[in-house]
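Chemist: Dropping in query-v3.cif, which is mmCIF, N, CA and C atoms:
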```cif
data_upload
#
loop_
_atom_site.label_atom_id
_atom_site.label_comp_id
_atom_site.auth_asym_id
_atom_site.auth_seq_id
_atom_site.Cartn_x
_atom_site.Cartn_y
_atom_site.Cartn_z
N MET A 281 159.28 135.43 107.69
CA MET A 281 158.26 134.68 108.41
C MET A 281 157.01 134.60 107.56
N ILE A 282 156.54 133.41 107.30
CA ILE A 282 155.28 133.20 106.57
C ILE A 282 154.18 132.98 107.61
N LYS A 283 153.13 133.79 107.52
CA LYS A 283 152.02 133.71 108.47
C LYS A 283 150.74 133.33 107.75
N TRP A 284 149.95 132.48 108.39
CA TRP A 284 148.62 132.18 107.88
C TRP A 284 147.71 131.85 109.05
N ALA A 285 146.43 131.61 108.76
CA ALA A 285 145.47 131.37 109.84
C ALA A 285 144.46 130.30 109.45
N PHE A 286 143.98 129.60 110.46
CA PHE A 286 142.88 128.66 110.32
C PHE A 286 141.78 129.14 111.26
N ILE A 287 140.59 129.35 110.73
CA ILE A 287 139.48 129.87 111.53
C ILE A 287 138.33 128.85 111.51
N ALA A 288 137.88 128.49 112.71
CA ALA A 288 136.71 127.62 112.87
C ALA A 288 135.59 128.44 113.51
N VAL A 289 134.37 128.18 113.08
CA VAL A 289 133.21 128.88 113.63
C VAL A 289 132.37 127.85 114.39
N SER A 290 132.06 128.18 115.65
CA SER A 290 131.30 127.23 116.46
C SER A 290 130.57 127.95 117.59
N GLN A 291 129.40 127.46 117.91
CA GLN A 291 128.68 127.97 119.07
C GLN A 291 129.45 127.69 120.35
N ALA A 292 130.36 126.73 120.32
CA ALA A 292 131.18 126.43 121.49
C ALA A 292 132.09 127.60 121.87
N ALA A 293 132.25 128.56 120.96
CA ALA A 293 133.06 129.74 121.26
C ALA A 293 132.39 130.62 122.32
N GLU A 294 131.09 130.40 122.56
CA GLU A 294 130.34 131.10 123.59
C GLU A 294 130.48 132.62 123.50
N GLY A 295 130.39 133.15 122.27
CA GLY A 295 130.41 134.58 122.07
C GLY A 295 131.79 135.21 122.11
N GLN A 296 132.84 134.42 122.27
CA GLN A 296 134.20 134.93 122.38
C GLN A 296 135.03 134.52 121.16
N VAL A 297 136.15 135.21 120.98
CA VAL A 297 137.13 134.83 119.97
C VAL A 297 138.30 134.20 120.72
N HIS A 298 138.60 132.95 120.43
CA HIS A 298 139.69 132.22 121.07
C HIS A 298 140.78 131.99 120.03
N THR A 299 142.02 132.31 120.36
CA THR A 299 143.11 132.10 119.40
C THR A 299 144.31 131.44 120.07
N SER A 300 145.09 130.78 119.25
CA SER A 300 146.40 130.27 119.66
C SER A 300 147.35 130.48 118.49
N VAL A 301 148.62 130.60 118.80
CA VAL A 301 149.62 130.83 117.77
C VAL A 301 150.71 129.77 117.91
N ILE A 302 151.05 129.16 116.79
CA ILE A 302 152.16 128.20 116.75
C ILE A 302 153.24 128.79 115.86
N ARG A 303 154.46 128.87 116.38
CA ARG A 303 155.59 129.39 115.61
C ARG A 303 156.65 128.31 115.49
N ALA A 304 157.17 128.15 114.29
CA ALA A 304 158.25 127.20 114.05
C ALA A 304 158.99 127.61 112.79
N SER A 305 160.28 127.62 112.84
CA SER A 305 161.16 127.82 111.69
C SER A 305 160.55 128.63 110.55
N GLN A 306 160.45 129.90 110.73
CA GLN A 306 159.97 130.82 109.69
C GLN A 306 158.51 130.62 109.30
N ARG A 307 157.73 129.99 110.16
CA ARG A 307 156.31 129.79 109.91
C ARG A 307 155.53 130.18 111.16
N GLU A 308 154.35 130.75 110.95
CA GLU A 308 153.47 131.07 112.06
C GLU A 308 152.04 130.82 111.63
N ILE A 309 151.33 130.00 112.40
CA ILE A 309 149.92 129.78 112.12
C ILE A 309 149.11 130.17 113.34
N THR A 310 148.09 130.96 113.09
CA THR A 310 147.14 131.32 114.13
C THR A 310 145.90 130.47 113.92
N THR A 311 145.48 129.78 114.97
CA THR A 311 144.23 129.03 114.91
C THR A 311 143.22 129.78 115.77
N ALA A 312 141.98 129.77 115.33
CA ALA A 312 140.97 130.54 116.05
C ALA A 312 139.63 129.82 116.05
N LEU A 313 138.91 130.03 117.12
CA LEU A 313 137.52 129.57 117.25
C LEU A 313 136.69 130.82 117.52
N VAL A 314 135.72 131.07 116.65
CA VAL A 314 134.89 132.27 116.75
C VAL A 314 133.41 131.88 116.75
N PRO A 315 132.53 132.77 117.26
CA PRO A 315 131.12 132.39 117.41
C PRO A 315 130.25 132.53 116.17
N ASP A 316 130.67 133.35 115.19
CA ASP A 316 129.81 133.57 114.02
C ASP A 316 130.63 134.11 112.86
N TYR A 317 129.97 134.22 111.71
CA TYR A 317 130.66 134.65 110.50
C TYR A 317 131.22 136.07 110.61
N GLN A 318 130.48 136.98 111.23
CA GLN A 318 130.98 138.35 111.33
C GLN A 318 132.26 138.40 112.17
N ALA A 319 132.31 137.64 113.25
CA ALA A 319 133.52 137.59 114.06
C ALA A 319 134.67 137.01 113.25
N ALA A 320 134.39 136.02 112.41
CA ALA A 320 135.43 135.43 111.56
C ALA A 320 135.95 136.45 110.56
N ALA A 321 135.05 137.22 109.94
CA ALA A 321 135.47 138.24 108.98
C ALA A 321 136.30 139.32 109.67
N ASP A 322 135.87 139.75 110.84
CA ASP A 322 136.61 140.77 111.59
C ASP A 322 138.00 140.26 111.96
N LEU A 323 138.08 139.02 112.44
CA LEU A 323 139.37 138.45 112.80
C LEU A 323 140.26 138.29 111.57
N ALA A 324 139.70 137.84 110.47
CA ALA A 324 140.49 137.69 109.24
C ALA A 324 141.11 139.03 108.84
N ARG A 325 140.32 140.10 108.89
CA ARG A 325 140.84 141.44 108.58
C ARG A 325 142.01 141.79 109.49
N LYS A 326 141.85 141.54 110.78
CA LYS A 326 142.90 141.84 111.76
C LYS A 326 144.16 141.03 111.47
N LEU A 327 144.00 139.74 111.21
CA LEU A 327 145.16 138.89 110.95
C LEU A 327 145.90 139.29 109.69
N VAL A 328 145.15 139.65 108.65
CA VAL A 328 145.79 140.11 107.41
C VAL A 328 146.55 141.41 107.66
N SER A 329 145.96 142.30 108.46
CA SER A 329 146.67 143.56 108.77
C SER A 329 147.95 143.30 109.56
N GLU A 330 148.02 142.14 110.23
CA GLU A 330 149.21 141.75 110.99
C GLU A 330 150.15 140.87 110.18
N GLY A 331 149.85 140.67 108.88
CA GLY A 331 150.78 139.95 108.02
C GLY A 331 150.37 138.58 107.55
N ALA A 332 149.18 138.09 107.91
CA ALA A 332 148.75 136.78 107.41
C ALA A 332 148.63 136.83 105.89
N THR A 333 149.14 135.79 105.23
CA THR A 333 149.14 135.75 103.76
C THR A 333 148.08 134.83 103.18
N MET A 334 147.37 134.10 104.04
CA MET A 334 146.24 133.29 103.60
C MET A 334 145.39 132.95 104.80
N ILE A 335 144.12 132.68 104.54
CA ILE A 335 143.17 132.28 105.57
C ILE A 335 142.54 130.96 105.13
N GLU A 336 142.52 129.99 106.03
CA GLU A 336 141.84 128.73 105.76
C GLU A 336 140.66 128.62 106.73
N LEU A 337 139.52 128.19 106.21
CA LEU A 337 138.29 128.09 107.01
C LEU A 337 137.91 126.64 107.23
N CYS A 338 137.34 126.34 108.39
CA CYS A 338 136.94 124.97 108.69
C CYS A 338 135.74 124.55 107.84
N GLY A 339 135.48 123.27 107.81
CA GLY A 339 134.40 122.73 107.00
C GLY A 339 133.01 123.13 107.43
N GLY A 340 132.86 123.65 108.65
CA GLY A 340 131.56 124.10 109.10
C GLY A 340 131.14 125.43 108.52
N VAL A 341 132.06 126.11 107.87
CA VAL A 341 131.75 127.40 107.24
C VAL A 341 131.11 127.11 105.89
N GLY A 342 129.89 127.55 105.70
CA GLY A 342 129.19 127.32 104.45
C GLY A 342 129.58 128.32 103.37
N HIS A 343 128.91 128.25 102.24
CA HIS A 343 129.22 129.11 101.09
C HIS A 343 129.05 130.59 101.43
N LYS A 344 127.97 130.94 102.12
CA LYS A 344 127.73 132.35 102.46
C LYS A 344 128.82 132.88 103.39
N GLY A 345 129.19 132.08 104.38
CA GLY A 345 130.24 132.50 105.30
C GLY A 345 131.57 132.67 104.61
N ALA A 346 131.92 131.73 103.74
CA ALA A 346 133.19 131.83 103.01
C ALA A 346 133.21 133.09 102.15
N ALA A 347 132.09 133.40 101.52
CA ALA A 347 132.02 134.61 100.69
C ALA A 347 132.19 135.87 101.54
N LEU A 348 131.52 135.92 102.68
CA LEU A 348 131.63 137.08 103.57
C LEU A 348 133.07 137.29 104.02
N ILE A 349 133.72 136.21 104.41
CA ILE A 349 135.09 136.31 104.91
C ILE A 349 136.05 136.66 103.78
N ALA A 350 135.88 136.05 102.62
CA ALA A 350 136.73 136.37 101.47
C ALA A 350 136.58 137.84 101.06
N GLU A 351 135.36 138.36 101.12
CA GLU A 351 135.15 139.77 100.79
C GLU A 351 135.82 140.69 101.80
N ALA A 352 135.97 140.23 103.04
CA ALA A 352 136.61 141.04 104.08
C ALA A 352 138.11 141.17 103.87
N VAL A 353 138.71 140.19 103.17
CA VAL A 353 140.17 140.19 102.97
C VAL A 353 140.51 139.90 101.51
N PRO A 354 140.15 140.82 100.61
CA PRO A 354 140.34 140.56 99.19
C PRO A 354 141.80 140.44 98.75
N SER A 355 142.73 140.85 99.59
CA SER A 355 144.14 140.84 99.19
C SER A 355 144.83 139.49 99.42
N VAL A 356 144.15 138.55 100.07
CA VAL A 356 144.76 137.24 100.33
C VAL A 356 143.81 136.11 99.93
N PRO A 357 144.36 134.93 99.61
CA PRO A 357 143.48 133.80 99.30
C PRO A 357 142.78 133.29 100.56
N VAL A 358 141.53 132.87 100.38
CA VAL A 358 140.74 132.26 101.45
C VAL A 358 140.34 130.88 100.96
N GLY A 359 140.78 129.86 101.68
CA GLY A 359 140.46 128.49 101.32
C GLY A 359 139.47 127.91 102.32
N VAL A 360 138.77 126.86 101.89
CA VAL A 360 137.76 126.25 102.75
C VAL A 360 137.90 124.73 102.70
N VAL A 361 137.95 124.12 103.88
CA VAL A 361 137.80 122.67 103.96
C VAL A 361 136.32 122.45 103.69
N ARG A 362 135.96 121.73 102.66
CA ARG A 362 134.57 121.73 102.20
C ARG A 362 133.78 120.54 102.69
N PHE A 363 132.78 120.81 103.51
CA PHE A 363 131.78 119.84 103.91
C PHE A 363 130.39 120.38 103.70
N ASP A 364 130.14 121.54 103.22
CA ASP A 364 128.94 122.35 103.43
C ASP A 364 127.92 121.72 104.37
N TYR A 365 127.55 120.47 104.17
CA TYR A 365 126.70 119.78 105.14
C TYR A 365 127.66 119.05 106.07
N HIS A 366 127.99 119.67 107.19
CA HIS A 366 129.06 119.20 108.07
C HIS A 366 128.68 117.88 108.75
N PRO A 367 129.56 116.88 108.71
CA PRO A 367 129.23 115.57 109.25
C PRO A 367 129.03 115.56 110.77
N VAL A 368 129.64 116.47 111.49
CA VAL A 368 129.47 116.52 112.95
C VAL A 368 128.32 117.43 113.34
N LEU A 369 128.23 118.59 112.68
CA LEU A 369 127.20 119.56 113.02
C LEU A 369 125.82 119.16 112.51
N GLY A 370 125.79 118.36 111.44
CA GLY A 370 124.51 117.88 110.92
C GLY A 370 123.80 118.84 109.99
N LYS A 371 124.42 119.99 109.70
CA LYS A 371 123.83 120.95 108.76
C LYS A 371 124.91 121.92 108.32
N SER A 372 124.57 122.76 107.39
CA SER A 372 125.52 123.75 106.88
C SER A 372 125.77 124.84 107.91
N GLY A 373 126.98 125.36 107.93
CA GLY A 373 127.29 126.50 108.75
C GLY A 373 126.44 127.71 108.39
N ASP A 374 125.98 127.76 107.13
CA ASP A 374 125.12 128.86 106.71
C ASP A 374 123.82 128.88 107.54
N VAL A 375 123.36 127.72 107.95
CA VAL A 375 122.15 127.65 108.78
C VAL A 375 122.47 128.04 110.22
N LEU A 376 123.63 127.62 110.71
CA LEU A 376 123.96 127.82 112.12
C LEU A 376 124.54 129.19 112.46
N PHE A 377 125.31 129.79 111.55
CA PHE A 377 126.14 130.93 111.93
C PHE A 377 125.85 132.22 111.19
N SER A 378 124.92 132.24 110.26
CA SER A 378 124.64 133.46 109.49
C SER A 378 123.89 134.46 110.33
#
```
Step by step, read the file and then write its structure as structure tokens.
Modeler:
Amino acid sequence: MIKWAFIAVSQAAEGQVHTSVIRASQREITTALVPDYQAAADLARKLVSEGATMIELCGGVGHKGAALIAEAVPSVPVGVVRFDYHPVLGKSGDVLFS
């Protein structure tokens, strides 16, 4: 089973960590909505301890957030959909979620 995760950071999470898991033919992806960078780093650590082999971050996560999360899980690759200035949020995640 290959496991990975996609983590989005948003104030819409209302202080909670929301997750869903999709499983199909030897693949498992966990998607998550978290309220801030620290929650994302904590969740990434948990998911890696449960077997996730990579973490992908939404475009709202800025450079500082990506670095914090990557430092939390040095044993796996962390990728970022890159918008730093997010087209929907109107600013960098570094401004909103740090």
Chemist: By how many Å are atom N of Lys371 (chain A) and CA of Ser290 (chain A) apart?
Modeler: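 That distance, rounded to one decimal, is 12.1 Å.
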Chemist: Extract, using all atoms listed in the file, all DNA, RNA and protein residues at most 6.5 Å from Val353 (chain A), discarding same-chain residues fewer than 4 positions from it, and format them as a list in words.
Modeler: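 Listing them by chain and then by number gives Ala324, Arg325, Leu348 and Ile349 of chain A.
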Chemist: Please run DSSP on the backbone and report, as a list in words, all residues within chain A that come out as strand (DSSP E).
Modeler: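 Here is the list: Ile282, Lys283, Trp284, Ala285, Phe286, Ile287, Ala288, Val289, His298, Thr299, Ser300, Val301, Ile302, Arg303, Ala304, Arg307, Glu308, Ile309, Thr310, Thr311, Ala312, Leu313, Val314, Ile335, Glu336, Leu337, Val358, Gly359 and Val360 of chain A.
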Chemist: Create the file for the chosen residues now, containing N, CA and C atoms and written as a PDB file, in the coordinates of the input.
Modeler:
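The result, written out as part00.pdb:
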```
ATOM      1  N   ILE A 282     156.540 133.410 107.300  1.00  0.00           N
ATOM      2  CA  ILE A 282     155.280 133.200 106.570  1.00  0.00           C
ATOM      3  C   ILE A 282     154.180 132.980 107.610  1.00  0.00           C
ATOM      4  N   LYS A 283     153.130 133.790 107.520  1.00  0.00           N
ATOM      5  CA  LYS A 283     152.020 133.710 108.470  1.00  0.00           C
ATOM      6  C   LYS A 283     150.740 133.330 107.750  1.00  0.00           C
ATOM      7  N   TRP A 284     149.950 132.480 108.390  1.00  0.00           N
ATOM      8  CA  TRP A 284     148.620 132.180 107.880  1.00  0.00           C
ATOM      9  C   TRP A 284     147.710 131.850 109.050  1.00  0.00           C
ATOM     10  N   ALA A 285     146.430 131.610 108.760  1.00  0.00           N
ATOM     11  CA  ALA A 285     145.470 131.370 109.840  1.00  0.00           C
ATOM     12  C   ALA A 285     144.460 130.300 109.450  1.00  0.00           C
ATOM     13  N   PHE A 286     143.980 129.600 110.460  1.00  0.00           N
ATOM     14  CA  PHE A 286     142.880 128.660 110.320  1.00  0.00           C
ATOM     15  C   PHE A 286     141.780 129.140 111.260  1.00  0.00           C
ATOM     16  N   ILE A 287     140.590 129.350 110.730  1.00  0.00           N
ATOM     17  CA  ILE A 287     139.480 129.870 111.530  1.00  0.00           C
ATOM     18  C   ILE A 287     138.330 128.850 111.510  1.00  0.00           C
ATOM     19  N   ALA A 288     137.880 128.490 112.710  1.00  0.00           N
ATOM     20  CA  ALA A 288     136.710 127.620 112.870  1.00  0.00           C
ATOM     21  C   ALA A 288     135.590 128.440 113.510  1.00  0.00           C
ATOM     22  N   VAL A 289     134.370 128.180 113.080  1.00  0.00           N
ATOM     23  CA  VAL A 289     133.210 128.880 113.630  1.00  0.00           C
ATOM     24  C   VAL A 289     132.370 127.850 114.390  1.00  0.00           C
ATOM     25  N   HIS A 298     138.600 132.950 120.430  1.00  0.00           N
ATOM     26  CA  HIS A 298     139.690 132.220 121.070  1.00  0.00           C
ATOM     27  C   HIS A 298     140.780 131.990 120.030  1.00  0.00           C
ATOM     28  N   THR A 299     142.020 132.310 120.360  1.00  0.00           N
ATOM     29  CA  THR A 299     143.110 132.100 119.400  1.00  0.00           C
ATOM     30  C   THR A 299     144.310 131.440 120.070  1.00  0.00           C
ATOM     31  N   SER A 300     145.090 130.780 119.250  1.00  0.00           N
ATOM     32  CA  SER A 300     146.400 130.270 119.660  1.00  0.00           C
ATOM     33  C   SER A 300     147.350 130.480 118.490  1.00  0.00           C
ATOM     34  N   VAL A 301     148.620 130.600 118.800  1.00  0.00           N
ATOM     35  CA  VAL A 301     149.620 130.830 117.770  1.00  0.00           C
ATOM     36  C   VAL A 301     150.710 129.770 117.910  1.00  0.00           C
ATOM     37  N   ILE A 302     151.050 129.160 116.790  1.00  0.00           N
ATOM     38  CA  ILE A 302     152.160 128.200 116.750  1.00  0.00           C
ATOM     39  C   ILE A 302     153.240 128.790 115.860  1.00  0.00           C
ATOM     40  N   ARG A 303     154.460 128.870 116.380  1.00  0.00           N
ATOM     41  CA  ARG A 303     155.590 129.390 115.610  1.00  0.00           C
ATOM     42  C   ARG A 303     156.650 128.310 115.490  1.00  0.00           C
ATOM     43  N   ALA A 304     157.170 128.150 114.290  1.00  0.00           N
ATOM     44  CA  ALA A 304     158.250 127.200 114.050  1.00  0.00           C
ATOM     45  C   ALA A 304     158.990 127.610 112.790  1.00  0.00           C
ATOM     46  N   ARG A 307     157.730 129.990 110.160  1.00  0.00           N
ATOM     47  CA  ARG A 307     156.310 129.790 109.910  1.00  0.00           C
ATOM     48  C   ARG A 307     155.530 130.180 111.160  1.00  0.00           C
ATOM     49  N   GLU A 308     154.350 130.750 110.950  1.00  0.00           N
ATOM     50  CA  GLU A 308     153.470 131.070 112.060  1.00  0.00           C
ATOM     51  C   GLU A 308     152.040 130.820 111.630  1.00  0.00           C
ATOM     52  N   ILE A 309     151.330 130.000 112.400  1.00  0.00           N
ATOM     53  CA  ILE A 309     149.920 129.780 112.120  1.00  0.00           C
ATOM     54  C   ILE A 309     149.110 130.170 113.340  1.00  0.00           C
ATOM     55  N   THR A 310     148.090 130.960 113.090  1.00  0.00           N
ATOM     56  CA  THR A 310     147.140 131.320 114.130  1.00  0.00           C
ATOM     57  C   THR A 310     145.900 130.470 113.920  1.00  0.00           C
ATOM     58  N   THR A 311     145.480 129.780 114.970  1.00  0.00           N
ATOM     59  CA  THR A 311     144.230 129.030 114.910  1.00  0.00           C
ATOM     60  C   THR A 311     143.220 129.780 115.770  1.00  0.00           C
ATOM     61  N   ALA A 312     141.980 129.770 115.330  1.00  0.00           N
ATOM     62  CA  ALA A 312     140.970 130.540 116.050  1.00  0.00           C
ATOM     63  C   ALA A 312     139.630 129.820 116.050  1.00  0.00           C
ATOM     64  N   LEU A 313     138.910 130.030 117.120  1.00  0.00           N
ATOM     65  CA  LEU A 313     137.520 129.570 117.250  1.00  0.00           C
ATOM     66  C   LEU A 313     136.690 130.820 117.520  1.00  0.00           C
ATOM     67  N   VAL A 314     135.720 131.070 116.650  1.00  0.00           N
ATOM     68  CA  VAL A 314     134.890 132.270 116.750  1.00  0.00           C
ATOM     69  C   VAL A 314     133.410 131.880 116.750  1.00  0.00           C
ATOM     70  N   ILE A 335     144.120 132.680 104.540  1.00  0.00           N
ATOM     71  CA  ILE A 335     143.170 132.280 105.570  1.00  0.00           C
ATOM     72  C   ILE A 335     142.540 130.960 105.130  1.00  0.00           C
ATOM     73  N   GLU A 336     142.520 129.990 106.030  1.00  0.00           N
ATOM     74  CA  GLU A 336     141.840 128.730 105.760  1.00  0.00           C
ATOM     75  C   GLU A 336     140.660 128.620 106.730  1.00  0.00           C
ATOM     76  N   LEU A 337     139.520 128.190 106.210  1.00  0.00           N
ATOM     77  CA  LEU A 337     138.290 128.090 107.010  1.00  0.00           C
ATOM     78  C   LEU A 337     137.910 126.640 107.230  1.00  0.00           C
ATOM     79  N   VAL A 358     141.530 132.870 100.380  1.00  0.00           N
ATOM     80  CA  VAL A 358     140.740 132.260 101.450  1.00  0.00           C
ATOM     81  C   VAL A 358     140.340 130.880 100.960  1.00  0.00           C
ATOM     82  N   GLY A 359     140.780 129.860 101.680  1.00  0.00           N
ATOM     83  CA  GLY A 359     140.460 128.490 101.320  1.00  0.00           C
ATOM     84  C   GLY A 359     139.470 127.910 102.320  1.00  0.00           C
ATOM     85  N   VAL A 360     138.770 126.860 101.890  1.00  0.00           N
ATOM     86  CA  VAL A 360     137.760 126.250 102.750  1.00  0.00           C
ATOM     87  C   VAL A 360     137.900 124.730 102.700  1.00  0.00           C
TER      88      VAL A 360
END
```
Chemist: I'd like the interatomic distance between atom N of Arg362 (chain A) and CA of Gly339 (chain A), to a tenth of an Å.
Modeler: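 Distance reported for this atom pair: 4.7 Å.
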Chemist: Using the chain letters and numbers from this document, which residues of chain A does DSSP assign to alpha helix (DSSP H), as a short mmCIF file (atom, residue, chain, number, x, y, z; two decimals) with N, CA and C atoms, in the coordinates of the input?
Modeler:
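Dumped everything to out_22.cif:
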```
data_model
loop_
_atom_site.label_atom_id
_atom_site.label_comp_id
_atom_site.auth_asym_id
_atom_site.auth_seq_id
_atom_site.Cartn_x
_atom_site.Cartn_y
_atom_site.Cartn_z
N TYR A 317 129.97 134.22 111.71
CA TYR A 317 130.66 134.65 110.50
C TYR A 317 131.22 136.07 110.61
N GLN A 318 130.48 136.98 111.23
CA GLN A 318 130.98 138.35 111.33
C GLN A 318 132.26 138.40 112.17
N ALA A 319 132.31 137.64 113.25
CA ALA A 319 133.52 137.59 114.06
C ALA A 319 134.67 137.01 113.25
N ALA A 320 134.39 136.02 112.41
CA ALA A 320 135.43 135.43 111.56
C ALA A 320 135.95 136.45 110.56
N ALA A 321 135.05 137.22 109.94
CA ALA A 321 135.47 138.24 108.98
C ALA A 321 136.30 139.32 109.67
N ASP A 322 135.87 139.75 110.84
CA ASP A 322 136.61 140.77 111.59
C ASP A 322 138.00 140.26 111.96
N LEU A 323 138.08 139.02 112.44
CA LEU A 323 139.37 138.45 112.80
C LEU A 323 140.26 138.29 111.57
N ALA A 324 139.70 137.84 110.47
CA ALA A 324 140.49 137.69 109.24
C ALA A 324 141.11 139.03 108.84
N ARG A 325 140.32 140.10 108.89
CA ARG A 325 140.84 141.44 108.58
C ARG A 325 142.01 141.79 109.49
N LYS A 326 141.85 141.54 110.78
CA LYS A 326 142.90 141.84 111.76
C LYS A 326 144.16 141.03 111.47
N LEU A 327 144.00 139.74 111.21
CA LEU A 327 145.16 138.89 110.95
C LEU A 327 145.90 139.29 109.69
N VAL A 328 145.15 139.65 108.65
CA VAL A 328 145.79 140.11 107.41
C VAL A 328 146.55 141.41 107.66
N SER A 329 145.96 142.30 108.46
CA SER A 329 146.67 143.56 108.77
C SER A 329 147.95 143.30 109.56
N HIS A 343 128.91 128.25 102.24
CA HIS A 343 129.22 129.11 101.09
C HIS A 343 129.05 130.59 101.43
N LYS A 344 127.97 130.94 102.12
CA LYS A 344 127.73 132.35 102.46
C LYS A 344 128.82 132.88 103.39
N GLY A 345 129.19 132.08 104.38
CA GLY A 345 130.24 132.50 105.30
C GLY A 345 131.57 132.67 104.61
N ALA A 346 131.92 131.73 103.74
CA ALA A 346 133.19 131.83 103.01
C ALA A 346 133.21 133.09 102.15
N ALA A 347 132.09 133.40 101.52
CA ALA A 347 132.02 134.61 100.69
C ALA A 347 132.19 135.87 101.54
N LEU A 348 131.52 135.92 102.68
CA LEU A 348 131.63 137.08 103.57
C LEU A 348 133.07 137.29 104.02
N ILE A 349 133.72 136.21 104.41
CA ILE A 349 135.09 136.31 104.91
C ILE A 349 136.05 136.66 103.78
N ALA A 350 135.88 136.05 102.62
CA ALA A 350 136.73 136.37 101.47
C ALA A 350 136.58 137.84 101.06
N GLU A 351 135.36 138.36 101.12
CA GLU A 351 135.15 139.77 100.79
C GLU A 351 135.82 140.69 101.80
N ALA A 352 135.97 140.23 103.04
CA ALA A 352 136.61 141.04 104.08
C ALA A 352 138.11 141.17 103.87
N GLY A 373 126.98 125.36 107.93
CA GLY A 373 127.29 126.50 108.75
C GLY A 373 126.44 127.71 108.39
N ASP A 374 125.98 127.76 107.13
CA ASP A 374 125.12 128.86 106.71
C ASP A 374 123.82 128.88 107.54
N VAL A 375 123.36 127.72 107.95
CA VAL A 375 122.15 127.65 108.78
C VAL A 375 122.47 128.04 110.22
N LEU A 376 123.63 127.62 110.71
CA LEU A 376 123.96 127.82 112.12
C LEU A 376 124.54 129.19 112.46
N PHE A 377 125.31 129.79 111.55
CA PHE A 377 126.14 130.93 111.93
C PHE A 377 125.85 132.22 111.19
#
```
Chemist: If we count only N, CA and C atoms, what is near region 328-333 of chain A at a cut-off of 6.5 Å, once residues fewer than 2 positions away on the same chain are taken out, given as a ChimeraX atom specification?
Modeler: /A:282-285,323-326,335,356-357
Chemist: Output N, CA and C atoms for every residue in the selection just made, as a PDB file, in the frame of the given file.
Modeler:
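Done, and the output landed in part35.pdb:
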```pdb
ATOM      1  N   ILE A 282     156.540 133.410 107.300  1.00  0.00           N
ATOM      2  CA  ILE A 282     155.280 133.200 106.570  1.00  0.00           C
ATOM      3  C   ILE A 282     154.180 132.980 107.610  1.00  0.00           C
ATOM      4  N   LYS A 283     153.130 133.790 107.520  1.00  0.00           N
ATOM      5  CA  LYS A 283     152.020 133.710 108.470  1.00  0.00           C
ATOM      6  C   LYS A 283     150.740 133.330 107.750  1.00  0.00           C
ATOM      7  N   TRP A 284     149.950 132.480 108.390  1.00  0.00           N
ATOM      8  CA  TRP A 284     148.620 132.180 107.880  1.00  0.00           C
ATOM      9  C   TRP A 284     147.710 131.850 109.050  1.00  0.00           C
ATOM     10  N   ALA A 285     146.430 131.610 108.760  1.00  0.00           N
ATOM     11  CA  ALA A 285     145.470 131.370 109.840  1.00  0.00           C
ATOM     12  C   ALA A 285     144.460 130.300 109.450  1.00  0.00           C
ATOM     13  N   LEU A 323     138.080 139.020 112.440  1.00  0.00           N
ATOM     14  CA  LEU A 323     139.370 138.450 112.800  1.00  0.00           C
ATOM     15  C   LEU A 323     140.260 138.290 111.570  1.00  0.00           C
ATOM     16  N   ALA A 324     139.700 137.840 110.470  1.00  0.00           N
ATOM     17  CA  ALA A 324     140.490 137.690 109.240  1.00  0.00           C
ATOM     18  C   ALA A 324     141.110 139.030 108.840  1.00  0.00           C
ATOM     19  N   ARG A 325     140.320 140.100 108.890  1.00  0.00           N
ATOM     20  CA  ARG A 325     140.840 141.440 108.580  1.00  0.00           C
ATOM     21  C   ARG A 325     142.010 141.790 109.490  1.00  0.00           C
ATOM     22  N   LYS A 326     141.850 141.540 110.780  1.00  0.00           N
ATOM     23  CA  LYS A 326     142.900 141.840 111.760  1.00  0.00           C
ATOM     24  C   LYS A 326     144.160 141.030 111.470  1.00  0.00           C
ATOM     25  N   ILE A 335     144.120 132.680 104.540  1.00  0.00           N
ATOM     26  CA  ILE A 335     143.170 132.280 105.570  1.00  0.00           C
ATOM     27  C   ILE A 335     142.540 130.960 105.130  1.00  0.00           C
ATOM     28  N   VAL A 356     144.150 138.550 100.070  1.00  0.00           N
ATOM     29  CA  VAL A 356     144.760 137.240 100.330  1.00  0.00           C
ATOM     30  C   VAL A 356     143.810 136.110  99.930  1.00  0.00           C
ATOM     31  N   PRO A 357     144.360 134.930  99.610  1.00  0.00           N
ATOM     32  CA  PRO A 357     143.480 133.800  99.300  1.00  0.00           C
ATOM     33  C   PRO A 357     142.780 133.290 100.560  1.00  0.00           C
TER      34      PRO A 357
END
```
Chemist: I need the residue nearest His343 (chain A) from this list: A:Val375, A:Ala321, A:Val314, A:Ala304. Use only N, CA and C atoms for the distance.
Modeler: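 Looking only at the distances to His343 (chain A), the closest residue turns out to be A:Val375.
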Chemist: Suppose you want the space between atom C of Gly359 (chain A) and atom C of Phe286 (chain A); what is it in Å?
Modeler: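 A separation of 9.3 Å between them.
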Chemist: Neighbours of Ile302 (chain A) within 10 Å (only C-alpha atoms; same-chain residues fewer than 5 positions away dropped), as a PyMOL selection string?
Modeler: chain A and resi 283+307-311
Chemist: What does the file look like for those residues with N, CA and C atoms, as a compact mmCIF listing (two decimals), in the coordinates of the input?
Modeler:
```txt
# COMPACT_ATOMS: atom_id res chain seq x y z
N LYS A 283 153.13 133.79 107.52
CA LYS A 283 152.02 133.71 108.47
C LYS A 283 150.74 133.33 107.75
N ARG A 307 157.73 129.99 110.16
CA ARG A 307 156.31 129.79 109.91
C ARG A 307 155.53 130.18 111.16
N GLU A 308 154.35 130.75 110.95
CA GLU A 308 153.47 131.07 112.06
C GLU A 308 152.04 130.82 111.63
N ILE A 309 151.33 130.00 112.40
CA ILE A 309 149.92 129.78 112.12
C ILE A 309 149.11 130.17 113.34
N THR A 310 148.09 130.96 113.09
CA THR A 310 147.14 131.32 114.13
C THR A 310 145.90 130.47 113.92
N THR A 311 145.48 129.78 114.97
CA THR A 311 144.23 129.03 114.91
C THR A 311 143.22 129.78 115.77
```
Chemist: Applying 7 Å and only N, CA and C atoms, which residues near Gln296 (chain A) remain after dropping the ones on its own chain fewer than 4 positions away? List them as a list in words.
Modeler: Ala292, Leu313, Val314 and Pro315 of chain A
Chemist: For a quick check of understanding, using only N, CA and C atoms, which of A:Val301, A:Ala293, A:Met281, A:Ala320 has the smallest distance to Ala352 (chain A)?
Modeler: A:Ala320
